[in-house]
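Take a look at the structure set out below.
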Amino acid sequence: MAGIVGYGAYVPRMRIKVEEIARVWNEDAESIKKGLSITEKSVPSMDEDAATIAVEAARNALSHSGINPKEIGAVYVGSESHPYAVKPTATIVAQAIGAGTSLTAADLEFACKAGTAGIQMLMGMTDSSMIKYGITIGSDTSQGRPGDALEYTASAGGAALVIGKEKSECIAEILATASYTTDTPDFWRREGANFPSHGGRFTGEPGYFKHIVHASKLLFEKTGFKPSDFTYAVFHQPNGKFPKNAAKLLGFTEKQIEIGLLTPLIGNTYSGASMLGLCAVLDNAVPGERILVTSFGSGAGSDSFAIEVTEGINEKRGRAVKISTMIKDKQYIDYAQYLKNRNSITKR
Amino acid sequence: MEKASAGMWRKIDSRYNLVGSMCERCGTKYFPQRAICRNCGKDTKMLHRKMSGRGTVYSHSEIRVPAEAFKESAPYTVGIIELEEGPKVEGHIIDNGKKVEIGTKVKTAFRKMYTDGEEGLIHYHFKFIPE
Ligand SMILES: [Zn+2]
């Protein structure tokens, strides 16, 4: 059965506080912090993009896995901020992690859930012995239009999972997966547009909540599990509040989602979000514990996974930087520096 | 600015992964790659070897008047890093909130180096970052 052989993540060190963005737009920081349940967000440096973040996350996942990169048979990068419109990020990553050339690679796009679609593809490919190992990465440097509510949350980060099927090499088994997909125009960005558009604040119900709940329930039906069979749950986290409400709708407690909920501290890392949450949980989980992960991508769909941690996790512990350490290593910037980092202001 | 060419493609493994050379006979490591060993001359085979990327700052300086490609990122720090394998390598040193001094231990990070204008290639490269 397919499982996770290694995991790794990367969060840029720069942060901007809600107060600083609110100061520029003359908005009430306290009500925004409360409404979105977020305090600050990560910001990429000028020399970071979705490809560099994907490479750093993938390198961390590889050191954690302990596998020979030449044995990787597939590289998938899920992002909605691929640096090139035409020219895959996945080939840059494959080369930078020292994978060989006899492999398949592709960029995936499905708003915030492209990375978890990659997990499912690799489950099928490893289970069928088409490849020995594959790596899937969710990585984004997402942008919110200046002054838009998304500007408080759209951040940068990524996570990578090495998937394989040898139980002795895995740190966790993926017991089952289920997806729920519909054509829902809740959030989009047209080719060539710099910023995304969205259906406003009322898209939560037909978008996020409907898909998260359906996919999770399909997974419960498939496995016979109920919320109390999981020690942890991780939901896609566009802000700090939605996952709490999703947990409540499905019957999970706040304690179950606590460790995997990172958005309040780093913002919404889009394709990185649910996978980063999973990595933070894996940093803390012990053998035998179960984790539910349900991603969400606008447009819209959710992938849900039942994951069980295995003995292998103890052996590989400490091989890569902990997510909590990465989150604590930060440097605050002001709005002017933020604009410069986002290439919104340039030197003549 | 550099054009996309076969020459540039051959350098990608050096730029992404610090792949240098190692003399099969005496074991001396080199970066960038060399065809001939300084000790053994031509009587040996030079093998490709990936450097660990770990090393110490040998010298450094802050660039305030940058080359055109780096005008947005000035001021920035460049330096010579003595790799733990021996070779001395020039590179950009990223400020990650830690002080850069002679002897500072560094590792590599994967970053954008420069882009060929609005429509050209994006060039990725290793940079050094204090550990
Ligand atoms: Zn020699």
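Labeling convention for the structure tokens: chains A, B, ... as they appear, residues from 1 per chain, ligands from 1 in order of appearance.
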Exercise. Define the interface residues of chain A facing chain B as those within 12 Å, counting only C-alpha atoms, and report them as a ChimeraX atom specification.
Key: /A:10,12-14,44-60,82-87,89,91-100,329-332,337,340-348
Self-check item: helix (DSSP H, G or I) call set, DSSP backbone run, segment 28-222 of chain A, as a PyMOL selection string
Solution: chain A and resi 29-36+50-65+69-71+89-96+114-127+149-152+167-169+201-203+205-222
Select from segment 80-174 of chain A everything DSSP, run on the backbone, classes as strand (DSSP E or B), then give the selection as a PDB file with N, CA and C atoms, in the first residue's frame.
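Final output, saved to out.pdb:
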```
ATOM      1  N   THR A 104       9.220  10.788 -15.240  1.00  0.00           N
ATOM      2  CA  THR A 104       8.151  11.607 -15.798  1.00  0.00           C
ATOM      3  C   THR A 104       7.935  12.794 -14.868  1.00  0.00           C
ATOM      4  N   ALA A 105       7.567  13.935 -15.438  1.00  0.00           N
ATOM      5  CA  ALA A 105       7.373  15.124 -14.609  1.00  0.00           C
ATOM      6  C   ALA A 105       6.294  15.991 -15.220  1.00  0.00           C
ATOM      7  N   ALA A 106       5.579  16.726 -14.378  1.00  0.00           N
ATOM      8  CA  ALA A 106       4.570  17.649 -14.886  1.00  0.00           C
ATOM      9  C   ALA A 106       4.220  18.667 -13.822  1.00  0.00           C
ATOM     10  N   ASP A 107       3.763  19.823 -14.271  1.00  0.00           N
ATOM     11  CA  ASP A 107       3.199  20.820 -13.371  1.00  0.00           C
ATOM     12  C   ASP A 107       1.709  20.563 -13.280  1.00  0.00           C
ATOM     13  N   LEU A 108       1.179  20.680 -12.078  1.00  0.00           N
ATOM     14  CA  LEU A 108      -0.248  20.473 -11.887  1.00  0.00           C
ATOM     15  C   LEU A 108      -0.878  21.791 -11.467  1.00  0.00           C
ATOM     16  N   PHE A 110      -4.600  23.110  -9.838  1.00  0.00           N
ATOM     17  CA  PHE A 110      -5.977  23.019  -9.386  1.00  0.00           C
ATOM     18  C   PHE A 110      -6.049  23.915  -8.154  1.00  0.00           C
ATOM     19  N   CYS A 112      -5.706  25.542  -4.945  1.00  0.00           N
ATOM     20  CA  CYS A 112      -4.902  25.181  -3.779  1.00  0.00           C
ATOM     21  C   CYS A 112      -4.768  23.686  -3.563  1.00  0.00           C
ATOM     22  N   TYR A 133       9.555   5.349  -6.460  1.00  0.00           N
ATOM     23  CA  TYR A 133       9.222   6.517  -5.648  1.00  0.00           C
ATOM     24  C   TYR A 133       8.776   7.663  -6.541  1.00  0.00           C
ATOM     25  N   GLY A 134       7.942   8.521  -5.971  1.00  0.00           N
ATOM     26  CA  GLY A 134       7.578   9.754  -6.660  1.00  0.00           C
ATOM     27  C   GLY A 134       7.581  10.875  -5.634  1.00  0.00           C
ATOM     28  N   ILE A 135       7.711  12.100  -6.126  1.00  0.00           N
ATOM     29  CA  ILE A 135       7.661  13.235  -5.190  1.00  0.00           C
ATOM     30  C   ILE A 135       6.632  14.238  -5.693  1.00  0.00           C
ATOM     31  N   THR A 136       5.774  14.688  -4.794  1.00  0.00           N
ATOM     32  CA  THR A 136       4.778  15.705  -5.155  1.00  0.00           C
ATOM     33  C   THR A 136       4.952  16.897  -4.236  1.00  0.00           C
ATOM     34  N   ILE A 137       4.850  18.075  -4.823  1.00  0.00           N
ATOM     35  CA  ILE A 137       5.108  19.301  -4.089  1.00  0.00           C
ATOM     36  C   ILE A 137       3.951  20.268  -4.301  1.00  0.00           C
ATOM     37  N   GLY A 138       3.538  20.918  -3.248  1.00  0.00           N
ATOM     38  CA  GLY A 138       2.587  22.017  -3.355  1.00  0.00           C
ATOM     39  C   GLY A 138       3.353  23.269  -2.975  1.00  0.00           C
ATOM     40  N   SER A 139       3.417  24.254  -3.865  1.00  0.00           N
ATOM     41  CA  SER A 139       4.248  25.433  -3.608  1.00  0.00           C
ATOM     42  C   SER A 139       3.615  26.664  -4.236  1.00  0.00           C
ATOM     43  N   ASP A 140       3.555  27.749  -3.505  1.00  0.00           N
ATOM     44  CA  ASP A 140       2.961  28.963  -4.072  1.00  0.00           C
ATOM     45  C   ASP A 140       3.570  30.229  -3.501  1.00  0.00           C
ATOM     46  N   THR A 141       3.562  31.269  -4.313  1.00  0.00           N
ATOM     47  CA  THR A 141       3.816  32.628  -3.847  1.00  0.00           C
ATOM     48  C   THR A 141       2.592  33.411  -4.306  1.00  0.00           C
ATOM     49  N   ALA A 154      -2.929  35.969   1.559  1.00  0.00           N
ATOM     50  CA  ALA A 154      -2.173  35.324   0.474  1.00  0.00           C
ATOM     51  C   ALA A 154      -0.679  35.342   0.782  1.00  0.00           C
ATOM     52  N   ALA A 156       3.261  32.754   1.127  1.00  0.00           N
ATOM     53  CA  ALA A 156       4.155  31.901   0.344  1.00  0.00           C
ATOM     54  C   ALA A 156       4.700  30.770   1.196  1.00  0.00           C
ATOM     55  N   GLY A 157       4.796  29.596   0.581  1.00  0.00           N
ATOM     56  CA  GLY A 157       5.354  28.438   1.276  1.00  0.00           C
ATOM     57  C   GLY A 157       5.109  27.190   0.465  1.00  0.00           C
ATOM     58  N   GLY A 158       5.699  26.110   0.892  1.00  0.00           N
ATOM     59  CA  GLY A 158       5.503  24.863   0.157  1.00  0.00           C
ATOM     60  C   GLY A 158       5.828  23.655   0.994  1.00  0.00           C
ATOM     61  N   ALA A 159       5.345  22.502   0.522  1.00  0.00           N
ATOM     62  CA  ALA A 159       5.623  21.238   1.204  1.00  0.00           C
ATOM     63  C   ALA A 159       5.743  20.140   0.164  1.00  0.00           C
ATOM     64  N   ALA A 160       6.534  19.129   0.504  1.00  0.00           N
ATOM     65  CA  ALA A 160       6.780  18.033  -0.438  1.00  0.00           C
ATOM     66  C   ALA A 160       6.641  16.693   0.268  1.00  0.00           C
ATOM     67  N   LEU A 161       6.102  15.721  -0.458  1.00  0.00           N
ATOM     68  CA  LEU A 161       5.991  14.359   0.078  1.00  0.00           C
ATOM     69  C   LEU A 161       6.649  13.394  -0.888  1.00  0.00           C
ATOM     70  N   VAL A 162       7.478  12.499  -0.358  1.00  0.00           N
ATOM     71  CA  VAL A 162       8.015  11.407  -1.155  1.00  0.00           C
ATOM     72  C   VAL A 162       7.094  10.210  -0.916  1.00  0.00           C
ATOM     73  N   ILE A 163       6.541   9.682  -2.016  1.00  0.00           N
ATOM     74  CA  ILE A 163       5.596   8.567  -1.911  1.00  0.00           C
ATOM     75  C   ILE A 163       6.260   7.285  -2.418  1.00  0.00           C
ATOM     76  N   GLY A 164       6.051   6.210  -1.686  1.00  0.00           N
ATOM     77  CA  GLY A 164       6.564   4.899  -2.088  1.00  0.00           C
ATOM     78  C   GLY A 164       5.640   3.830  -1.552  1.00  0.00           C
ATOM     79  N   ALA A 172       4.455   6.681   7.226  1.00  0.00           N
ATOM     80  CA  ALA A 172       2.998   6.655   7.382  1.00  0.00           C
ATOM     81  C   ALA A 172       2.386   5.980   6.158  1.00  0.00           C
ATOM     82  N   GLU A 173       1.307   5.243   6.397  1.00  0.00           N
ATOM     83  CA  GLU A 173       0.601   4.610   5.283  1.00  0.00           C
ATOM     84  C   GLU A 173      -0.597   5.470   4.897  1.00  0.00           C
ATOM     85  N   ILE A 174      -0.871   5.531   3.608  1.00  0.00           N
ATOM     86  CA  ILE A 174      -2.083   6.224   3.182  1.00  0.00           C
ATOM     87  C   ILE A 174      -3.160   5.146   3.017  1.00  0.00           C
TER      88      ILE A 174
END
```
Quiz item: Looking at B:Glu90, B:Phe31, B:Cys37, B:Pro130, which one is nearest to ligand 1, with distances taken over only C-alpha atoms and all ligand atoms?
Solution: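 Ranking B:Glu90, B:Phe31, B:Cys37, B:Pro130 by distance to ligand 1, first place goes to B:Cys37.
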Exercise. Would you mind listing what lies within 7 Å of Gly53 of chain B as a ChimeraX atom specification, with only C-alpha atoms counted and same-chain residues fewer than 3 positions away left out?
Key: /B:18,83,107-108
Around ligand 1, which protein and nucleic acid residues have at least one atom no more than 8 Å from it, if we count only C-alpha atoms and all ligand atoms? List them as a compact mmCIF listing (two decimals) with N, CA and C atoms, in the first residue's frame.
```txt
# COMPACT_ATOMS: atom_id res chain seq x y z
N MET B 22 36.39 15.78 -9.10
CA MET B 22 37.30 15.15 -8.15
C MET B 22 38.32 14.32 -8.93
N CYS B 23 39.58 14.46 -8.57
CA CYS B 23 40.62 13.67 -9.23
C CYS B 23 40.54 12.24 -8.72
N GLU B 24 40.46 11.30 -9.66
CA GLU B 24 40.32 9.90 -9.26
C GLU B 24 41.59 9.41 -8.54
N ARG B 25 42.75 9.97 -8.91
CA ARG B 25 44.02 9.48 -8.34
C ARG B 25 44.31 10.07 -6.96
N CYS B 26 44.30 11.41 -6.84
CA CYS B 26 44.71 11.99 -5.55
C CYS B 26 43.52 12.47 -4.72
N GLY B 27 42.33 12.47 -5.28
CA GLY B 27 41.14 12.81 -4.49
C GLY B 27 40.89 14.31 -4.33
N THR B 28 41.73 15.15 -4.91
CA THR B 28 41.53 16.60 -4.78
C THR B 28 40.22 17.01 -5.47
N CYS B 37 43.95 17.70 -13.34
CA CYS B 37 44.25 17.88 -11.91
C CYS B 37 45.54 18.67 -11.75
N ARG B 38 45.53 19.62 -10.78
CA ARG B 38 46.72 20.44 -10.55
C ARG B 38 47.91 19.60 -10.08
N ASN B 39 47.63 18.50 -9.39
CA ASN B 39 48.70 17.64 -8.86
C ASN B 39 49.13 16.58 -9.86
N CYS B 40 48.13 16.00 -10.54
CA CYS B 40 48.42 14.80 -11.33
C CYS B 40 48.44 15.07 -12.84
N GLY B 41 48.10 16.27 -13.23
CA GLY B 41 48.10 16.58 -14.66
C GLY B 41 47.09 15.72 -15.41
N THR B 44 45.31 11.07 -14.98
CA THR B 44 44.24 10.66 -14.08
C THR B 44 42.90 10.93 -14.76
```
Quiz item: What's the 10 Å shell around segment 75-79 of chain B, counting only C-alpha atoms, without same-chain residues fewer than 5 positions away, as a ChimeraX atom specification?
Solution: /B:57-66,70,88-95,100,102,127-128
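Using only C-alpha atoms, the contacts of Lys328 of chain A at a cut-off of 10 Å, with sequence neighbours closer than 4 positions omitted, comprise Arg13, Leu265, Ile266, Ile323 and Ser324 of chain A.
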Exercise. Could you give me, as JSON, numbers by chain, the residues within 12 Å of Asp148 of chain A, counting only C-alpha atoms and dropping anything in the same chain fewer than 6 positions from it?
Key: {"A": [21, 22, 25, 27, 154, 195, 196, 197, 198, 200, 201]}
Quiz prompt | Who sits within 8 Å of Val213 of chain A, only C-alpha atoms, same chain under 2 positions skipped, as a VMD selection string | solution = chain A and resid 209 to 211 215 to 217 246 249 to 250
Restricted to N, CA and C atoms, what would the selected residues look like written as a short mmCIF file (atom, residue, chain, number, x, y, z; two decimals), in the first residue's frame?
```
data_model
loop_
_atom_site.label_atom_id
_atom_site.label_comp_id
_atom_site.auth_asym_id
_atom_site.auth_seq_id
_atom_site.Cartn_x
_atom_site.Cartn_y
_atom_site.Cartn_z
N PHE A 209 -16.74 24.90 2.02
CA PHE A 209 -17.39 23.99 2.98
C PHE A 209 -18.04 22.79 2.32
N LYS A 210 -18.74 23.03 1.21
CA LYS A 210 -19.43 21.93 0.52
C LYS A 210 -18.44 20.85 0.09
N HIS A 211 -17.33 21.26 -0.49
CA HIS A 211 -16.38 20.28 -1.02
C HIS A 211 -15.59 19.58 0.09
N ALA A 215 -16.08 15.50 0.54
CA ALA A 215 -14.93 14.61 0.35
C ALA A 215 -14.61 13.87 1.64
N SER A 216 -14.67 14.58 2.77
CA SER A 216 -14.37 13.93 4.05
C SER A 216 -15.40 12.85 4.35
N LYS A 217 -16.67 13.15 4.07
CA LYS A 217 -17.72 12.15 4.34
C LYS A 217 -17.59 10.93 3.43
N ALA A 246 -15.15 24.06 9.50
CA ALA A 246 -15.25 22.77 8.80
C ALA A 246 -15.14 21.63 9.81
N LEU A 249 -18.41 21.30 11.61
CA LEU A 249 -19.44 20.70 10.75
C LEU A 249 -19.28 19.18 10.66
N LEU A 250 -18.03 18.71 10.67
CA LEU A 250 -17.76 17.28 10.50
C LEU A 250 -17.69 16.52 11.82
#
```
Quiz item: atom CA of Arg290 of chain A to atom CA of Lys226 of chain A: how many Å, to one decimal?
Solution: 11.1 Å
Quiz item: What separation in Å, quoted to one decimal, exists between atom CA of Lys316 of chain A and atom CA of Lys132 of chain A?
Solution: 19.2 Å
Quiz item: Suppose you want the space between atom CA of Arg317 of chain A and atom CA of His64 of chain A; what is it in Å?
Solution: 7.9 Å
